[in-house]
$ cat model.cif   # mmCIF, C-alpha atoms
data_data
#
loop_
_atom_site.label_atom_id
_atom_site.label_comp_id
_atom_site.auth_asym_id
_atom_site.auth_seq_id
_atom_site.Cartn_x
_atom_site.Cartn_y
_atom_site.Cartn_z
CA MET A 266 -10.40 -56.16 116.07
CA LYS A 267 -13.60 -54.16 116.42
CA GLN A 268 -12.12 -51.23 114.53
CA ARG A 269 -11.01 -53.51 111.70
CA THR A 270 -14.53 -54.91 111.41
CA ILE A 271 -16.03 -51.42 111.23
CA ALA A 272 -13.47 -50.35 108.61
CA ALA A 273 -14.19 -53.46 106.54
CA ALA A 274 -17.94 -52.79 106.73
CA ILE A 275 -17.50 -49.17 105.60
CA PHE A 276 -15.23 -50.25 102.75
CA PHE A 277 -17.73 -52.94 101.71
CA ILE A 278 -20.61 -50.43 101.66
CA ILE A 279 -18.63 -47.97 99.54
CA VAL A 280 -17.70 -50.65 97.00
CA ALA A 281 -21.29 -51.95 96.93
CA ILE A 282 -22.64 -48.44 96.26
CA PHE A 283 -20.08 -48.04 93.48
CA PHE A 284 -21.14 -51.27 91.78
CA ILE A 285 -24.88 -50.57 92.18
CA MET A 286 -24.51 -47.12 90.64
CA ALA A 287 -22.47 -48.60 87.79
CA ALA A 288 -25.20 -51.16 87.16
CA TRP A 289 -27.90 -48.43 87.17
CA SER A 290 -26.05 -46.25 84.71
CA MET A 291 -25.57 -49.03 82.14
CA ARG A 292 -26.94 -48.38 78.70
CA PRO A 293 -29.74 -50.62 77.40
CA PHE A 294 -28.70 -53.58 75.30
CA GLY A 295 -27.98 -52.85 71.64
CA THR A 296 -27.50 -49.08 71.87
CA PRO A 297 -23.78 -48.37 72.20
CA GLU A 298 -22.58 -44.82 72.81
CA GLN A 299 -20.00 -44.86 69.99
CA SER A 300 -20.83 -47.16 67.08
CA ALA A 301 -18.83 -45.70 64.21
CA MET A 302 -16.23 -48.47 64.14
CA ASP A 303 -18.85 -51.23 64.52
CA ASP A 304 -20.85 -49.82 61.62
CA TYR A 305 -17.74 -49.53 59.46
CA ILE A 306 -16.74 -53.15 60.09
CA ILE A 307 -20.26 -54.49 59.57
CA GLN A 308 -20.64 -52.55 56.30
CA ASN A 309 -17.19 -53.24 54.81
CA THR A 310 -15.85 -56.54 56.15
CA GLN A 311 -17.25 -58.71 53.35
CA GLU A 312 -16.06 -56.39 50.62
CA GLU A 313 -12.61 -55.68 52.05
CA THR A 314 -11.57 -59.04 53.49
CA GLY A 315 -13.88 -61.41 51.65
CA ALA A 316 -14.81 -63.27 54.84
CA ASN A 317 -18.36 -63.89 55.99
CA ASN A 318 -17.19 -64.20 59.61
CA GLY A 319 -16.61 -60.68 60.88
CA VAL A 320 -14.82 -61.78 64.04
CA THR A 321 -12.15 -63.66 62.08
CA SER A 322 -11.71 -60.71 59.74
CA VAL A 323 -11.10 -58.44 62.74
CA VAL A 324 -8.75 -60.90 64.46
CA PHE A 325 -6.60 -61.78 61.42
CA ASP A 326 -6.92 -58.73 59.20
CA TYR A 327 -7.94 -55.48 60.91
CA ARG A 328 -6.12 -56.33 64.16
CA GLY A 329 -3.38 -58.59 62.84
CA PHE A 330 -0.72 -57.21 65.17
CA ASP A 331 -2.77 -58.29 68.17
CA THR A 332 -2.89 -61.86 66.87
CA LEU A 333 0.84 -61.76 66.25
CA GLY A 334 1.34 -60.86 69.92
CA GLU A 335 -0.98 -63.67 70.97
CA ALA A 336 0.99 -66.17 68.90
CA THR A 337 4.22 -64.86 70.42
CA ILE A 338 2.81 -65.37 73.93
CA LEU A 339 1.88 -68.97 73.10
CA PHE A 340 5.31 -69.61 71.58
CA THR A 341 7.08 -68.19 74.64
CA ALA A 342 4.93 -70.26 77.01
CA VAL A 343 5.63 -73.48 75.12
CA ALA A 344 9.36 -72.72 74.96
CA ALA A 345 9.48 -72.05 78.71
CA VAL A 346 7.57 -75.25 79.61
CA VAL A 347 9.71 -77.42 77.35
CA MET A 348 12.87 -75.83 78.75
CA ILE A 349 11.89 -76.28 82.42
CA LEU A 350 10.55 -79.84 82.04
CA ARG A 351 13.29 -81.14 79.74
CA ARG A 352 14.46 -84.72 80.08
CA GLU A 353 17.85 -85.32 81.60
CA ASP A 354 19.40 -88.52 80.32
CA HIS A 355 21.61 -89.36 83.26
CA GLU A 356 20.77 -93.03 83.79
CA MET B 8 1.16 -92.16 83.34
CA SER B 9 0.30 -95.77 82.52
CA GLU B 10 -2.45 -96.95 80.21
CA MET B 11 -6.04 -97.30 81.38
CA SER B 12 -8.49 -100.17 81.05
CA LYS B 13 -9.46 -101.79 77.77
CA ILE B 14 -12.98 -100.27 77.82
CA ILE B 15 -11.58 -96.74 77.99
CA ARG B 16 -9.05 -97.46 75.26
CA THR B 17 -11.74 -98.79 72.91
CA ILE B 18 -14.10 -95.87 73.51
CA THR B 19 -11.23 -93.44 72.98
CA SER B 20 -10.32 -95.11 69.69
CA ILE B 21 -13.90 -94.65 68.51
CA ALA B 22 -14.30 -91.05 69.72
CA PHE B 23 -10.89 -89.78 68.62
CA PRO B 24 -11.55 -89.47 64.83
CA PHE B 25 -14.78 -87.55 65.40
CA ALA B 26 -13.14 -85.02 67.73
CA MET B 27 -10.23 -84.71 65.29
CA ILE B 28 -12.50 -84.09 62.28
CA TYR B 29 -14.56 -81.55 64.23
CA GLY B 30 -11.44 -79.62 65.23
CA LEU B 31 -10.09 -79.64 61.67
CA TYR B 32 -13.52 -78.46 60.43
CA VAL B 33 -13.46 -75.53 62.86
CA ILE B 34 -9.97 -74.58 61.62
CA ALA B 35 -10.79 -74.92 57.91
CA HIS B 36 -14.06 -72.97 58.14
CA GLY B 37 -12.64 -70.23 60.35
CA HIS B 38 -13.59 -67.49 57.89
CA LEU B 39 -17.19 -68.73 57.51
CA THR B 40 -18.43 -70.07 60.83
CA PRO B 41 -17.65 -69.21 64.47
CA GLY B 42 -14.22 -70.44 65.48
CA GLY B 43 -10.83 -70.26 63.87
CA GLY B 44 -7.26 -71.34 64.30
CA PHE B 45 -7.02 -70.95 68.06
CA GLN B 46 -10.34 -72.61 68.89
CA GLY B 47 -10.02 -75.51 66.46
CA GLY B 48 -6.42 -76.08 67.50
CA ALA B 49 -7.53 -76.33 71.11
CA ILE B 50 -10.15 -78.96 70.13
CA VAL B 51 -7.61 -81.08 68.20
CA ALA B 52 -5.03 -80.75 70.99
CA SER B 53 -7.56 -81.92 73.58
CA SER B 54 -8.46 -84.96 71.49
CA CYS B 55 -4.73 -85.80 71.33
CA ALA B 56 -4.57 -85.33 75.12
CA MET B 57 -7.45 -87.81 75.37
CA ILE B 58 -5.32 -90.38 73.50
CA LEU B 59 -2.43 -89.61 75.86
CA VAL B 60 -4.58 -90.18 78.96
CA ALA B 61 -6.11 -93.39 77.66
CA PHE B 62 -3.01 -95.08 76.21
CA GLY B 63 -0.33 -93.74 78.56
CA SER B 64 2.84 -91.80 77.87
CA PRO B 65 5.08 -94.85 77.05
CA TRP B 66 2.75 -95.72 74.16
CA ILE B 67 3.03 -92.17 72.78
CA ASN B 68 6.75 -92.09 73.51
CA ASP B 69 7.40 -94.98 71.10
CA ARG B 70 5.67 -93.14 68.27
CA LEU B 71 6.25 -89.41 68.77
CA LYS B 72 9.07 -87.22 70.00
CA GLU B 73 8.42 -83.80 71.44
CA LYS B 74 11.33 -82.48 69.38
CA ASN B 75 9.28 -83.04 66.21
CA LEU B 76 6.24 -81.36 67.74
CA SER B 77 8.33 -78.32 68.67
CA ALA B 78 9.58 -78.17 65.08
CA LEU B 79 5.96 -78.30 63.88
CA GLU B 80 5.02 -75.41 66.19
CA SER B 81 7.91 -73.30 64.94
CA LEU B 82 6.79 -74.11 61.38
CA GLY B 83 3.32 -72.74 62.14
CA ALA B 84 4.74 -69.55 63.63
CA LEU B 85 7.06 -69.08 60.64
CA GLY B 86 4.15 -69.60 58.23
CA PHE B 87 2.06 -66.99 60.04
CA ILE B 88 4.82 -64.36 59.99
CA SER B 89 5.69 -65.20 56.36
CA LEU B 90 2.06 -64.62 55.30
CA ALA B 91 2.10 -61.28 57.11
CA LEU B 92 5.37 -60.33 55.38
CA LEU B 93 4.00 -61.40 51.98
CA GLY B 94 1.37 -58.72 52.52
CA LEU B 95 4.26 -56.25 52.64
CA VAL B 96 5.75 -57.67 49.43
CA PHE B 97 2.63 -58.01 47.27
CA GLY B 98 0.45 -55.41 48.96
CA ILE B 99 0.90 -52.14 50.71
CA ALA B 100 1.37 -52.98 54.39
CA PHE B 101 2.29 -55.60 56.95
CA PHE B 102 -0.73 -57.96 57.34
CA HIS B 103 -2.30 -56.62 54.14
CA ASN B 104 -4.84 -59.05 52.70
CA PHE B 105 -3.30 -59.33 49.23
CA LEU B 106 -5.32 -62.34 47.99
CA VAL B 107 -8.77 -60.69 48.10
CA GLY B 108 -10.09 -60.08 44.60
CA SER B 109 -7.34 -62.07 42.90
CA ASP B 110 -7.95 -65.25 40.91
CA VAL B 111 -5.18 -67.23 42.58
CA LEU B 112 -6.63 -68.73 45.76
CA PHE B 113 -9.48 -67.84 48.13
CA GLY B 114 -10.09 -64.72 46.06
CA THR B 115 -13.88 -64.57 45.67
CA ILE B 116 -15.68 -61.65 47.30
CA PRO B 117 -19.09 -62.63 48.70
CA ALA B 118 -22.19 -60.49 48.22
CA PHE B 119 -23.18 -58.11 51.00
CA GLY B 120 -25.37 -59.58 53.72
CA SER B 121 -25.97 -63.18 54.58
CA SER B 122 -25.10 -65.58 51.80
CA VAL B 123 -24.43 -69.27 51.21
CA ALA B 124 -21.03 -70.22 52.61
CA ASP B 125 -18.33 -70.38 49.96
CA ILE B 126 -15.02 -71.87 51.07
CA ASN B 127 -13.17 -70.03 48.27
CA THR B 128 -13.35 -66.63 50.00
CA GLY B 129 -11.38 -64.74 52.58
CA GLY B 130 -7.99 -64.03 50.99
CA VAL B 131 -5.17 -64.89 53.35
CA LEU B 132 -7.49 -65.51 56.32
CA PRO B 133 -7.89 -69.29 55.71
CA LEU B 134 -4.13 -69.69 55.24
CA MET B 135 -3.46 -67.77 58.47
CA ASN B 136 -6.05 -69.96 60.19
CA PHE B 137 -4.18 -73.07 59.03
CA ALA B 138 -0.84 -71.69 60.24
CA VAL B 139 -2.20 -70.65 63.64
CA GLY B 140 -4.08 -73.95 63.94
CA LEU B 141 -0.90 -75.96 63.33
CA LYS B 142 0.90 -73.82 65.87
CA VAL B 143 -1.80 -74.23 68.55
CA ILE B 144 -2.16 -78.00 67.99
CA ALA B 145 1.57 -78.64 68.32
CA GLY B 146 2.09 -76.09 71.10
CA LEU B 147 -0.72 -77.24 73.41
CA PHE B 148 -0.01 -80.95 72.85
CA VAL B 149 3.71 -80.58 73.49
CA ILE B 150 2.93 -78.92 76.85
CA VAL B 151 0.67 -81.83 77.90
CA LEU B 152 3.16 -84.40 76.58
CA VAL B 153 6.16 -82.95 78.41
CA MET B 154 4.18 -82.76 81.66
CA ALA B 155 3.15 -86.42 81.28
CA TYR B 156 6.77 -87.47 80.69
CA THR B 157 7.91 -85.57 83.75
CA THR B 158 5.21 -87.13 85.94
CA THR B 159 6.24 -90.62 84.81
CA HIS B 160 9.88 -89.84 85.45
CA LEU B 161 9.28 -88.37 88.93
CA GLN B 162 7.21 -91.36 90.03
CA GLY B 163 10.00 -93.67 88.85
CA GLY B 164 7.30 -95.78 87.27
CA SER B 165 7.32 -97.37 83.85
CA LYS B 166 10.76 -96.87 82.38
CA LYS B 167 11.01 -94.89 79.14
#
$ encode --input "model.cif" --output "structure tokens"
Amino acid sequence: MKQRTIAAAIFFIIVAIFFIMAAWSMRPFGTPEQSAMDDYIIQNTQEETGANNGVTSVVFDYRGFDTLGEATILFTAVAAVVMILRREDHE
Amino acid sequence: MSEMSKIIRTITSIAFPFAMIYGLYVIAHGHLTPGGGFQGGAIVASSCAMILVAFGSPWINDRLKEKNLSALESLGALGFISLALLGLVFGIAFFHNFLVGSDVLFGTIPAFGSSVADINTGGVLPLMNFAVGLKVIAGLFVIVLVMAYTTTHLQGGSKK
């Protein structure tokens, strides 16, 4: 029991050091390391997709396949729920 | 799930149209303001779930069958995939935005930078928002509805 407590404490300290170092090495807000794709989307989304909302233009136009997968997940979930909880007319 | 008191039913009847209109607004303005098909569909589906909680599943059961809702959800999914395939027919690629710049529908291109919202922009994005919104409304509400039916059936409570 004592050994397990010591091992848990050591593990906790290692993880805490990891998280603290990750927090220290974060970049300041608004200065991303790579911003080429952000700049491209901000500059071209209104001209290429005609939408003022950049997020919607990314979700439905630039990354349409991702949305198709999302819709498939929702469809599968609904099909599974309706199949499991179907009504049995046995009265 | 039986119906709740008269006070709750009255308040729900008053609040339901506002929640419905707000959800439909979020869907229809998905290409202009924050939100879109998924978010607006979740709002409309939760207002329908509010009706279900207040009036009880037998009341809904007399008016709506989950078979029809499932058909509606499949219709939304088919519309979404058909719009994506139309991009292959009229444009150059799957999910190509073929309506931008055309005079048919939603074809206007806004000026660069912030501008006054124009609903007639966005190409196929508003149509895809409508399809996904229909799909999310029907899909989320049919999940809640089927669970309510099953709860009523397991309790052996109000019949049918």
$ closest_residue --input "model.cif" --among "B:Leu161, B:Ile88, B:Ile15, B:Met27" --to "chain A" --atoms "only C-alpha atoms"
B:Ile88
$ closest_residue --input "model.cif" --among "B:Phe105, B:Ile50, B:Ile144, B:Ala155" --to "Pro24 of chain B" --atoms "all atoms listed in the file"
B:Ile50
$ resolve_selection --input "model.cif" --expression "the PyMOL selection byres ((chain A) within 6 of (chain B))" --output "JSON, numbers by chain"
{"A": [314, 315, 316, 317, 318, 321, 343]}
$ atom_distance --input "model.cif" --atom1 "atom CA of Ala35 of chain B" --atom2 "atom CA of Asn309 of chain A"
22.8 Å
$ closest_residue --input "model.cif" --among "B:Leu95, B:Ala138, B:Thr19, B:Thr159" --to "Gly48 of chain B" --atoms "only C-alpha atoms"
B:Ala138
$ resolve_selection --input "model.cif" --expression "the PyMOL selection byres ((chain B and resi 66) around 12)" --output "list in words"
Met8, Ser9, Glu10, Met11, Arg16, Ile58, Leu59, Val60, Ala61, Phe62, Gly63, Ser64, Pro65, Ile67, Asn68, Asp69, Arg70, Leu71, Lys72, Leu152, Ala155, Tyr156, Ser165, Lys166 and Lys167 of chain B
$ atom_distance --input "model.cif" --atom1 "atom CA of Val33 of chain B" --atom2 "atom CA of Leu134 of chain B"
13.4 Å
$ atom_distance --input "model.cif" --atom1 "atom CA of Ile99 of chain B" --atom2 "atom CA of Leu85 of chain B"
20.6 Å
$ resolve_selection --input "model.cif" --expression "the PyMOL selection byres ((chain A and resi 293-307) around 10)" --output "ChimeraX atom specification"
/A:290-292,308-311,313,319-320,322-323,327 /B:119-120
